[in-house]
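What follows is one structure encoded as structure tokens, with my remarks underneath.
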Amino acid sequence: MLERQLNDSPWEADHTFDVLNAGIGGYSTRDEALWLEHRGLSWEPHLILVGYVLNNPEDQPVQPLHAYFVEPRWWQHLHLFRMIAKAKWQADVDRLGGGEYFRYLHAHPHHWGSVVEGFRRIRDLAREEDAPVVLVIFPMIGVAWERDEYANLHRQ
């Protein structure tokens, strides 16, 4: 749709635009940086748009297809250990995020650190190609912009 709109624009009649939609559900910011490095730069982009959603700090495979290829650790075969791990995770969500998952992701040093490192890598790759990067923040569905309770996370 973006490609068609750009090419139909009367202001840019002397240009032809090609838009590659590389958005992949379930990718974290770190995954996006890896995709750009190993696949995306081969397209020689003139502009890189990066979409951000509040669950981007997730760095564990949560999509069924991704999770299928992850080999369980030895302790994950034992129900008691899985219950302990879940209780520890919930305690971390409560402690770091006040019980809110998105706030937990943005407060946890490892999860948020993966976003910072991913953005840094995207920036460095884009500089090498002399391609500007535009960050597009997508709101959570069901949260009204005028009362966006996650505005501080978007600023982060």
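Every chain in the structure tokens has a letter given in the order shown (A, B, ...), and although residue numbers restart at 1 in each chain, ligands are simply numbered from 1 in the order shown.
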So that each row is one residue of stretch 105-151 of chain A with an atom at most 6 Å from stretch 23-44 of chain A, can you give its shortest atom pair and the distance in Å to one decimal, using only C-alpha atoms, rows by chain and rising number, as JSON lines?
```
{"residue": "A:Val115", "atom": "CA", "partner": "A:Thr29", "partner_atom": "CA", "distance": 5.4}
{"residue": "A:Gly118", "atom": "CA", "partner": "A:Arg30", "partner_atom": "CA", "distance": 4.5}
{"residue": "A:Ile122", "atom": "CA", "partner": "A:Ala33", "partner_atom": "CA", "distance": 5.3}
```
Quick one: write out the picked residues with all heavy atoms as a PDB file, in the first residue's frame?
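Saved file part-v1.pdb follows:
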```pdb
ATOM      1  N   VAL A 115      16.725  -4.455  23.264  1.00  0.00           N
ATOM      2  CA  VAL A 115      16.171  -3.422  22.377  1.00  0.00           C
ATOM      3  C   VAL A 115      17.223  -2.353  22.103  1.00  0.00           C
ATOM      4  O   VAL A 115      17.450  -1.965  20.954  1.00  0.00           O
ATOM      5  CB  VAL A 115      14.906  -2.783  22.991  1.00  0.00           C
ATOM      6  CG1 VAL A 115      14.437  -1.590  22.179  1.00  0.00           C
ATOM      7  CG2 VAL A 115      13.803  -3.813  23.102  1.00  0.00           C
ATOM      8  N   GLY A 118      19.754  -3.793  19.834  1.00  0.00           N
ATOM      9  CA  GLY A 118      19.184  -3.948  18.492  1.00  0.00           C
ATOM     10  C   GLY A 118      19.108  -2.625  17.756  1.00  0.00           C
ATOM     11  O   GLY A 118      19.478  -2.530  16.582  1.00  0.00           O
ATOM     12  N   ILE A 122      21.080  -1.577  14.345  1.00  0.00           N
ATOM     13  CA  ILE A 122      20.370  -1.049  13.179  1.00  0.00           C
ATOM     14  C   ILE A 122      20.958   0.303  12.784  1.00  0.00           C
ATOM     15  O   ILE A 122      21.204   0.564  11.607  1.00  0.00           O
ATOM     16  CB  ILE A 122      18.854  -0.944  13.463  1.00  0.00           C
ATOM     17  CG1 ILE A 122      18.243  -2.358  13.558  1.00  0.00           C
ATOM     18  CG2 ILE A 122      18.147  -0.115  12.397  1.00  0.00           C
ATOM     19  CD1 ILE A 122      16.825  -2.385  14.100  1.00  0.00           C
TER      20      ILE A 122
END
```
Excluding A:Pro45 and residues on its chain fewer than 3 positions from it, collect all residues at most 12 Å away from it, counting only C-alpha atoms, and give them as a VMD selection string. chain A and resid 17 to 22 36 to 37 39 to 42 48 to 49 125 to 133
Using backbone DSSP assignments, extract all strand (DSSP E) residues from chain A; output them as an mmCIF file with C-alpha atoms, in the first residue's frame.
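Printed below is states_20.cif as written:
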```cif
data_model
loop_
_atom_site.group_PDB
_atom_site.id
_atom_site.type_symbol
_atom_site.label_atom_id
_atom_site.label_comp_id
_atom_site.auth_asym_id
_atom_site.auth_seq_id
_atom_site.Cartn_x
_atom_site.Cartn_y
_atom_site.Cartn_z
ATOM 1 C CA ILE A 48 14.797 1.998 6.745
ATOM 2 C CA LEU A 49 11.512 2.078 8.657
ATOM 3 C CA VAL A 50 11.573 0.186 11.950
ATOM 4 C CA GLY A 51 8.289 -0.584 13.652
ATOM 5 C CA TYR A 52 8.205 -0.797 17.441
ATOM 6 C CA VAL A 133 16.302 5.151 9.916
ATOM 7 C CA VAL A 134 12.778 6.143 10.936
ATOM 8 C CA LEU A 135 11.297 4.586 14.057
ATOM 9 C CA VAL A 136 7.529 4.101 13.932
ATOM 10 C CA ILE A 137 5.908 3.392 17.291
#
```
Quick one: residues within 12 Å of stretch 84-95 of chain A, only C-alpha atoms, excluding same-chain residues fewer than 3 positions away - as a list in words? Trp75, Gln76, Leu78, His79, Leu80, Phe81, Gly98, Gly99, Glu100, Tyr101, Phe102, Arg103, Tyr104, Leu105, His106, Ala107, His108 and Pro109 of chain A
So how far away is atom CA of A:His110 from atom CA of A:Glu58, in Å? 9.6 Å
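Proximity of A:Gly142, A:His111, A:Arg4, A:Asp148 to A:Asn55, computed with only C-alpha atoms, is greatest for A:His111.
Between atom CA of A:Glu3 and atom CA of A:Leu54 lies a distance of 26.2 Å.
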Enumerate as an NGL selection string all residues of chain A assigned to helix (DSSP H, G or I) by DSSP on the backbone, naming them with the chain letters and numbers the document uses. :A and (2-8 or 10-12 or 29-38 or 40-43 or 64-68 or 74-77 or 79-97 or 101-107 or 109-129 or 145-147 or 151-155)
Between atom CA of A:Gln156 and atom CA of A:Asp59 - distance in Å to one decimal: 17.9 Å
From A:Ile141, A:Gly97, A:Asn56, A:Ala67, residue lying nearest A:Ser114 [only C-alpha atoms]: A:Asn56
